[in-house]
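First up is the structure itself, then whatever we jot down about it.
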2 protein chains.
Amino acid sequence: MKTRITEMLSIEHPIIQGGMHYVGFAELAAAVSNAGGLGTITGLTQKSPAELANEIARCNDMTTKPFAVNLTFLPTFQDPDYPGYIQAIIDGGVKVVETAGNNPAQWLPMLQDNGIKVIHKCTTVRHSLKAQSIGCDAVSVDGFECGGHPGEDDIPNMILLPRAADELEIPFVASGGQADGRSLVASLAMGADGINMGTRFIATQDAPVHENVKQAIVNASELDTRLVMRPLRNTERVLNNPAAQRILEKEEALGKDIKIEDLLDEVAGVYPKVMTDGEVDEGVWSCGMVAGLINDIPTVKELIDSIMAEAESIINDRLAKAL
Amino acid sequence: MKTRITEMLSIEHPIIQGGMHYVGFAELAAAVSNAGGLGTITGLTQKSPAELANEIARCNDMTTKPFAVNLTFLPTFQDPDYPGYIQAIIDGGVKVVETAGNNPAQWLPMLQDNGIKVIHKCTTVRHSLKAQSIGCDAVSVDGFECGGHPGEDDIPNMILLPRAADELEIPFVASGGQADGRSLVASLAMGADGINMGTRFIATQDAPVHENVKQAIVNASELDTRLVMRPLRNTERVLNNPAAQRILEKEEALGKDIKIEDLLDEVAGVYPKVMTDGEVDEGVWSCGMVAGLINDIPTVKELIDSIMAEAESIINDRLAKAL
């Protein structure tokens, strides 16, 4: 398939694997890129620029195709060594960076002067326009249904994608609710140039996470996610589990007086416990509503091939024949 | 365009105008049906079966095409004369009824024995399956983005439509977030057999409502709706206005102790004031997020023609050429 995104990123299929903490290791990124999509290594899962450099080198050993690194600019207690991480990205020959969180403007020259395309994740039209105005090459538009941080406006992709298409000139991919050929064709019809999938890629044989995590996603329905940390205006969509319930109870009990410190037990440092050790109930972790559409654990290549075959069939058979 | 819904309802385009209080009069229903869609008279806007019979007769005078009547089965203080309304529908030769609210099972034999197709509005997969199991002919699947009553599960159409497609055998139309050819093709791609539009049809020259209402929709962005009455588990998506703000303040102040009686000033009897008199700030009224995608006030025929032309162009040009 050929879209503005496949052209810009030199990839075969308009399918991007989004950055995911303790999931986006070289194994998954390489599998996605080898299957014709764009894999992504999650930068801050690596504890130092040297470790990121090593992860990029491992990925380069596993694929000759382009892959991305995700860099999340979040307010944190201890600011990561962003210049160091970016240097590792440049030195590793990475050609695409997915930025998320705070405005990436100050890092754009360093990235783009080295031939790196920047895709910024945005949950609103106004943030997307801001990303365009500061010179980002593309935007990943995150709907309300997405796992992780959907923002505070609660606008689903059925509205957000055509709105973004009306306003943006740069290409954009749809993030949130993306599972199969149906989501891909729907997103393209609404104006997106491709899709970004997170949760769907976790439930693949190539994802280097514990089997319990994959099974939890397969078992979940679309009703099994919850929004936590809304009172802190740092909303995160997570799988409903005992930890999510404890957070929601604390949020209700403490009301407006709640502070991030009250929730640290459930949110700090849980990703290795969940993703690596498989203790899926021991803390909250991002999961999109799309879990309700995930019923199998294919290889990444099987997944991407089936998405593209289904998309082609929807366009050539279902849609063309309805006319 | 030909889908299971156009075949079942004998209409030219898979576009249904949903029931809307004090909007769904004969003028709008006839305009939609004359343009090749399925118009809908809102049954309970008519104060008696005799008045509904009159409204149906007026519509029959304005169109020879099929149109529907919406019948909402809600818990109300004074139960409407449903057998009387249904008799008026049968006597008027109406061939389609859109049911909403409570389970319509007890009314199905009377309707279907008279050759009437029943489309039940549902906001969840489980309600859709229930509607199928009791013998409804089709379902209208309402996503979180829809105006009016989106239910309590908050599942947007990007998830709800493919989930419904996976589970249902009967045809279904997508409701919520539907504005244009993009929404139509996206909904068809995700498995729907057509679309149901509400808010979009209010902002047309044929809608028999005050100009202020149409202008309020054109002026609204996707951020300008609010969910009210959630603490009562009777959530309604309405246009944000002073009345909506007053309700939200009362809901916050009263918390779990809130009763419908506390909100009656803002919700009871406001539709004639808003829709007929144009006092758009004097009470809350249903409005979908799709308001953000509505920027003009065309005739119904112009709207439907442009949706179909855009849909054809998306399928034949944008999608087919991406392959």
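Ligands are numbered from 1 in the order shown, chains are lettered A, B, ... in the order of the structure tokens, and residues start at 1 in each chain.
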
- request: For region 179-189 of chain B, please output as a list in words all residues within 6 Å (counting only C-alpha atoms; exclusion window: fewer than 3 positions along the same chain).
  value: Arg182, Ala186, Ala189 and Met190 of chain A; Ala192, Asp193, Arg200, Ile307, Glu310 and Ala311 of chain B

Report as a Markdown table: every residue of chain A with an atom at most 8 Å from chain B, its closest pair of atoms, and their distance in Å to one decimal, counting only C-alpha atoms, with rows sorted by chain and ascending residue number.
```
| residue | atom | partner | partner_atom | distance |
| --- | --- | --- | --- | --- |
| A:Met1 | CA | B:Leu323 | CA | 4.6 |
| A:Lys2 | CA | B:Ala322 | CA | 4.9 |
| A:Thr3 | CA | B:Ala322 | CA | 6.1 |
| A:Glu145 | CA | B:Pro156 | CA | 7.0 |
| A:Asp153 | CA | B:Leu223 | CA | 7.0 |
| A:Ile155 | CA | B:Glu222 | CA | 7.4 |
| A:Pro156 | CA | B:Pro156 | CA | 6.2 |
| A:Asn157 | CA | B:Met158 | CA | 6.7 |
| A:Met158 | CA | B:Gly177 | CA | 5.9 |
| A:Ile159 | CA | B:Gly177 | CA | 5.9 |
| A:Pro162 | CA | B:Arg182 | CA | 7.4 |
| A:Arg163 | CA | B:Leu293 | CA | 6.5 |
| A:Gly177 | CA | B:Ile159 | CA | 5.9 |
| A:Arg182 | CA | B:Met190 | CA | 4.9 |
| A:Ser183 | CA | B:Met190 | CA | 6.6 |
| A:Val185 | CA | B:Ala189 | CA | 6.2 |
| A:Ala186 | CA | B:Ala186 | CA | 3.9 |
| A:Ser187 | CA | B:Ala186 | CA | 6.9 |
| A:Leu188 | CA | B:Leu319 | CA | 7.3 |
| A:Ala189 | CA | B:Arg182 | CA | 5.5 |
| A:Met190 | CA | B:Arg182 | CA | 4.9 |
| A:Gly191 | CA | B:Arg182 | CA | 7.6 |
| A:Glu222 | CA | B:Ile159 | CA | 7.4 |
| A:Leu223 | CA | B:Asp153 | CA | 7.0 |
| A:Met289 | CA | B:Ile159 | CA | 7.1 |
| A:Val290 | CA | B:Ile159 | CA | 6.3 |
| A:Gly292 | CA | B:Arg163 | CA | 7.4 |
| A:Leu293 | CA | B:Arg163 | CA | 6.5 |
| A:Glu312 | CA | B:Leu323 | CA | 7.0 |
| A:Ile314 | CA | B:Ala189 | CA | 6.4 |
| A:Ile315 | CA | B:Ala320 | CA | 6.5 |
| A:Asn316 | CA | B:Ala320 | CA | 7.2 |
| A:Arg318 | CA | B:Ala189 | CA | 7.7 |
| A:Leu319 | CA | B:Ile315 | CA | 6.6 |
| A:Ala320 | CA | B:Ile315 | CA | 6.5 |
| A:Ala322 | CA | B:Lys2 | CA | 4.9 |
| A:Leu323 | CA | B:Met1 | CA | 4.6 |
```

Next, write the just-selected residues to a file, as a CSV table (one decimal), in the first residue's frame, keeping N, CA and C atoms as the atom set.
```
chain,number,residue,atom,x,y,z
A,1,MET,N,0.8,-1.2,0.0
A,1,MET,CA,0.0,0.0,0.0
A,1,MET,C,0.9,1.2,0.0
A,2,LYS,N,0.4,2.3,-0.7
A,2,LYS,CA,1.2,3.5,-0.8
A,2,LYS,C,0.4,4.7,-0.3
A,3,THR,N,0.9,5.3,0.8
A,3,THR,CA,0.3,6.5,1.3
A,3,THR,C,1.4,7.6,1.6
A,145,GLU,N,-10.0,6.2,22.6
A,145,GLU,CA,-10.0,4.7,22.9
A,145,GLU,C,-8.6,4.2,23.1
A,153,ASP,N,-9.5,15.4,26.7
A,153,ASP,CA,-10.7,15.9,25.9
A,153,ASP,C,-11.7,14.8,25.5
A,155,ILE,N,-12.0,12.8,22.9
A,155,ILE,CA,-12.5,12.7,21.6
A,155,ILE,C,-12.1,11.5,20.9
A,156,PRO,N,-13.0,10.6,20.5
A,156,PRO,CA,-12.6,9.4,19.8
A,156,PRO,C,-12.2,9.6,18.4
A,157,ASN,N,-11.6,8.6,17.8
A,157,ASN,CA,-11.1,8.7,16.4
A,157,ASN,C,-12.1,8.9,15.4
A,158,MET,N,-13.3,8.5,15.6
A,158,MET,CA,-14.4,8.7,14.6
A,158,MET,C,-14.6,10.2,14.3
A,159,ILE,N,-14.3,11.0,15.4
A,159,ILE,CA,-14.4,12.5,15.2
A,159,ILE,C,-13.0,13.1,15.0
A,162,PRO,N,-11.2,12.7,11.1
A,162,PRO,CA,-11.7,13.7,10.1
A,162,PRO,C,-11.4,15.1,10.5
A,163,ARG,N,-11.5,15.5,11.8
A,163,ARG,CA,-11.1,16.8,12.2
A,163,ARG,C,-9.7,17.1,11.9
A,177,GLY,N,-7.6,2.1,19.0
A,177,GLY,CA,-8.6,1.4,18.4
A,177,GLY,C,-8.2,0.6,17.1
A,182,ARG,N,-10.0,-3.7,9.1
A,182,ARG,CA,-11.2,-2.8,9.2
A,182,ARG,C,-10.7,-1.5,9.7
A,183,SER,N,-10.0,-1.5,10.8
A,183,SER,CA,-9.5,-0.3,11.4
A,183,SER,C,-8.6,0.5,10.4
A,185,VAL,N,-8.6,0.5,7.0
A,185,VAL,CA,-9.4,1.1,5.9
A,185,VAL,C,-10.3,2.2,6.5
A,186,ALA,N,-10.8,2.0,7.6
A,186,ALA,CA,-11.7,3.1,8.3
A,186,ALA,C,-10.8,4.3,8.5
A,187,SER,N,-9.6,4.1,9.0
A,187,SER,CA,-8.7,5.3,9.3
A,187,SER,C,-8.3,6.0,8.1
A,188,LEU,N,-8.0,5.2,7.0
A,188,LEU,CA,-7.6,5.8,5.7
A,188,LEU,C,-8.8,6.6,5.2
A,189,ALA,N,-10.0,6.0,5.3
A,189,ALA,CA,-11.2,6.7,4.8
A,189,ALA,C,-11.4,8.0,5.5
A,190,MET,N,-11.1,8.1,6.7
A,190,MET,CA,-11.3,9.3,7.5
A,190,MET,C,-10.2,10.3,7.3
A,191,GLY,N,-9.2,10.0,6.5
A,191,GLY,CA,-8.2,11.0,6.2
A,191,GLY,C,-6.8,10.6,6.7
A,222,GLU,N,-13.8,-5.2,25.4
A,222,GLU,CA,-13.7,-3.7,25.2
A,222,GLU,C,-14.1,-3.0,26.5
A,223,LEU,N,-14.8,-3.7,27.4
A,223,LEU,CA,-15.3,-3.1,28.6
A,223,LEU,C,-14.2,-3.1,29.8
A,289,MET,N,-8.8,0.0,24.5
A,289,MET,CA,-10.1,-0.6,24.4
A,289,MET,C,-10.1,-1.7,23.3
A,290,VAL,N,-9.1,-1.5,22.4
A,290,VAL,CA,-9.0,-2.5,21.3
A,290,VAL,C,-8.7,-3.9,21.8
A,292,GLY,N,-10.7,-5.6,23.2
A,292,GLY,CA,-11.9,-6.3,22.9
A,292,GLY,C,-11.9,-6.9,21.5
A,293,LEU,N,-11.0,-6.4,20.6
A,293,LEU,CA,-11.0,-6.9,19.2
A,293,LEU,C,-9.8,-7.9,19.0
A,312,GLU,N,-7.2,-5.0,1.7
A,312,GLU,CA,-7.4,-5.1,0.3
A,312,GLU,C,-8.8,-5.7,0.0
A,314,ILE,N,-11.5,-5.6,1.8
A,314,ILE,CA,-12.6,-4.6,2.1
A,314,ILE,C,-12.7,-3.6,1.0
A,315,ILE,N,-11.5,-3.1,0.5
A,315,ILE,CA,-11.6,-2.0,-0.5
A,315,ILE,C,-12.1,-2.6,-1.8
A,316,ASN,N,-11.5,-3.7,-2.2
A,316,ASN,CA,-11.9,-4.3,-3.6
A,316,ASN,C,-13.2,-5.0,-3.6
A,318,ARG,N,-15.8,-5.6,-0.5
A,318,ARG,CA,-16.9,-5.0,0.3
A,318,ARG,C,-17.3,-3.6,-0.2
A,319,LEU,N,-16.3,-2.7,-0.3
A,319,LEU,CA,-16.7,-1.3,-0.6
A,319,LEU,C,-17.0,-1.1,-2.1
A,320,ALA,N,-16.1,-1.6,-2.9
A,320,ALA,CA,-16.3,-1.4,-4.4
A,320,ALA,C,-17.6,-2.0,-4.8
A,322,ALA,N,-20.3,-2.4,-3.1
A,322,ALA,CA,-21.5,-1.7,-2.6
A,322,ALA,C,-21.9,-0.5,-3.5
A,323,LEU,N,-20.9,0.0,-4.3
A,323,LEU,CA,-21.2,1.1,-5.1
A,323,LEU,C,-22.2,0.8,-6.3
```

message: Please list as number ranges by chain every residue within 6 Å of Gly148 (chain B), counting only C-alpha atoms and excluding residues in the same chain fewer than 3 positions away.
response: B: 236-237, 286

- prompt: So what do you get for CA of Lys65 (chain A) versus CA of Asn34 (chain A), distance-wise?
  reply: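 Taking CA of Lys65 (chain A) and CA of Asn34 (chain A), their separation equals 6.4 Å.
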
- prompt: To one decimal place, how far is CA of Val267 (chain A) from CA of Ala29 (chain A) in Å?
  reply: 25.0 Å

- request: Excluding Leu227 (chain B) and residues on its chain fewer than 6 positions from it, collect all residues at most 9 Å away from it, counting only C-alpha atoms, and give them as number ranges by chain.
  value: B: 235-240, 244, 248

- prompt: With only C-alpha atoms as the atoms that count, which of B:Ile170, B:Ile297, B:Ile260, B:Ala30 lies nearest to Asp61 (chain B)?
  reply: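 Under the stated criterion, the closest residue is B:Ala30.
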
- prompt: So which bits of region 44-235 of chain B end up strand (DSSP E or B) when you DSSP the backbone, as a PyMOL selection string?
  reply: chain B and resi 67-73+96-101+117-122+138-142+148+172-175+195-197+225-228

Residue neighbourhood region 210-219 of chain A, 9 Å, only C-alpha atoms, exclusion window fewer than 6 positions, as JSON, numbers by chain: {"A": [199, 200, 202, 203, 204, 239, 274, 275, 276, 277, 278, 279, 280, 287, 291, 292, 293, 294, 295, 296, 297]}

Selected residues, N, CA and C atoms, written as a PDB file, in the first residue's frame, please.
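What landed in selection06.pdb:
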```pdb
ATOM      1  N   THR A 199      -1.397  -1.904  21.715  1.00  0.00           N
ATOM      2  CA  THR A 199      -1.910  -3.096  22.377  1.00  0.00           C
ATOM      3  C   THR A 199      -1.913  -4.317  21.450  1.00  0.00           C
ATOM      4  N   ARG A 200      -2.330  -4.117  20.194  1.00  0.00           N
ATOM      5  CA  ARG A 200      -2.403  -5.244  19.252  1.00  0.00           C
ATOM      6  C   ARG A 200      -1.032  -5.907  19.090  1.00  0.00           C
ATOM      7  N   ILE A 202       1.347  -6.039  21.320  1.00  0.00           N
ATOM      8  CA  ILE A 202       1.779  -6.753  22.529  1.00  0.00           C
ATOM      9  C   ILE A 202       1.341  -8.217  22.450  1.00  0.00           C
ATOM     10  N   ALA A 203       0.121  -8.414  21.917  1.00  0.00           N
ATOM     11  CA  ALA A 203      -0.398  -9.788  21.834  1.00  0.00           C
ATOM     12  C   ALA A 203       0.077 -10.455  20.544  1.00  0.00           C
ATOM     13  N   THR A 204       1.408 -10.502  20.379  1.00  0.00           N
ATOM     14  CA  THR A 204       2.005 -11.236  19.252  1.00  0.00           C
ATOM     15  C   THR A 204       3.111 -12.128  19.798  1.00  0.00           C
ATOM     16  N   LEU A 239      -5.480  -1.508  31.769  1.00  0.00           N
ATOM     17  CA  LEU A 239      -6.304  -2.703  31.937  1.00  0.00           C
ATOM     18  C   LEU A 239      -6.942  -2.668  33.322  1.00  0.00           C
ATOM     19  N   VAL A 274       5.246  -6.265  35.494  1.00  0.00           N
ATOM     20  CA  VAL A 274       4.148  -6.756  34.656  1.00  0.00           C
ATOM     21  C   VAL A 274       4.693  -7.405  33.386  1.00  0.00           C
ATOM     22  N   MET A 275       5.472  -6.640  32.626  1.00  0.00           N
ATOM     23  CA  MET A 275       5.842  -7.082  31.280  1.00  0.00           C
ATOM     24  C   MET A 275       6.877  -8.211  31.305  1.00  0.00           C
ATOM     25  N   THR A 276       7.831  -8.113  32.207  1.00  0.00           N
ATOM     26  CA  THR A 276       8.903  -9.099  32.230  1.00  0.00           C
ATOM     27  C   THR A 276       8.548 -10.296  33.108  1.00  0.00           C
ATOM     28  N   ASP A 277       8.029  -9.983  34.316  1.00  0.00           N
ATOM     29  CA  ASP A 277       7.746 -11.065  35.260  1.00  0.00           C
ATOM     30  C   ASP A 277       6.334 -11.632  35.111  1.00  0.00           C
ATOM     31  N   GLY A 278       5.467 -10.932  34.377  1.00  0.00           N
ATOM     32  CA  GLY A 278       4.123 -11.451  34.146  1.00  0.00           C
ATOM     33  C   GLY A 278       3.178 -11.285  35.310  1.00  0.00           C
ATOM     34  N   GLU A 279       3.537 -10.424  36.261  1.00  0.00           N
ATOM     35  CA  GLU A 279       2.629 -10.196  37.406  1.00  0.00           C
ATOM     36  C   GLU A 279       1.599  -9.134  37.013  1.00  0.00           C
ATOM     37  N   VAL A 280       0.639  -9.550  36.193  1.00  0.00           N
ATOM     38  CA  VAL A 280      -0.245  -8.592  35.520  1.00  0.00           C
ATOM     39  C   VAL A 280      -1.217  -7.875  36.446  1.00  0.00           C
ATOM     40  N   CYS A 287      -3.423  -0.267  28.403  1.00  0.00           N
ATOM     41  CA  CYS A 287      -4.105  -1.228  27.533  1.00  0.00           C
ATOM     42  C   CYS A 287      -5.234  -0.481  26.840  1.00  0.00           C
ATOM     43  N   ALA A 291      -8.392  -4.065  23.037  1.00  0.00           N
ATOM     44  CA  ALA A 291      -8.273  -5.423  23.585  1.00  0.00           C
ATOM     45  C   ALA A 291      -9.517  -6.245  23.261  1.00  0.00           C
ATOM     46  N   GLY A 292     -10.669  -5.586  23.198  1.00  0.00           N
ATOM     47  CA  GLY A 292     -11.912  -6.278  22.878  1.00  0.00           C
ATOM     48  C   GLY A 292     -11.941  -6.868  21.477  1.00  0.00           C
ATOM     49  N   LEU A 293     -11.046  -6.405  20.616  1.00  0.00           N
ATOM     50  CA  LEU A 293     -10.978  -6.907  19.241  1.00  0.00           C
ATOM     51  C   LEU A 293      -9.816  -7.872  19.041  1.00  0.00           C
ATOM     52  N   ILE A 294      -9.117  -8.196  20.123  1.00  0.00           N
ATOM     53  CA  ILE A 294      -7.927  -9.050  20.027  1.00  0.00           C
ATOM     54  C   ILE A 294      -8.229 -10.416  20.621  1.00  0.00           C
ATOM     55  N   ASN A 295      -8.165 -11.441  19.778  1.00  0.00           N
ATOM     56  CA  ASN A 295      -8.539 -12.786  20.211  1.00  0.00           C
ATOM     57  C   ASN A 295      -7.487 -13.836  19.905  1.00  0.00           C
ATOM     58  N   ASP A 296      -6.305 -13.404  19.456  1.00  0.00           N
ATOM     59  CA  ASP A 296      -5.278 -14.383  19.104  1.00  0.00           C
ATOM     60  C   ASP A 296      -3.895 -13.791  19.344  1.00  0.00           C
ATOM     61  N   ILE A 297      -2.885 -14.653  19.253  1.00  0.00           N
ATOM     62  CA  ILE A 297      -1.498 -14.237  19.470  1.00  0.00           C
ATOM     63  C   ILE A 297      -0.676 -14.695  18.266  1.00  0.00           C
TER      64      ILE A 297
END
```

- request: Report the residues of region 37-278 of chain A whose backbone DSSP state falls under alpha helix (DSSP H), written as an MDAnalysis selection string.
  value: chainID A and resid 49:62 82:91 108:112 125:134 157:167 181:189 199:202 211:219 242:254 264:267 270:271

task: Considering only C-alpha atoms, state which residue in the set A:Asn60, A:Ser175, A:Thr123, A:Gln78 is at the smallest distance from Gly18 (chain A).
output: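 The shortest atom-to-atom distance to Gly18 (chain A) comes from A:Ser175.
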
- line: In Å and to one decimal, CA of Ala50 (chain B) is distant from CA of Ala138 (chain B) by 27.7 Å
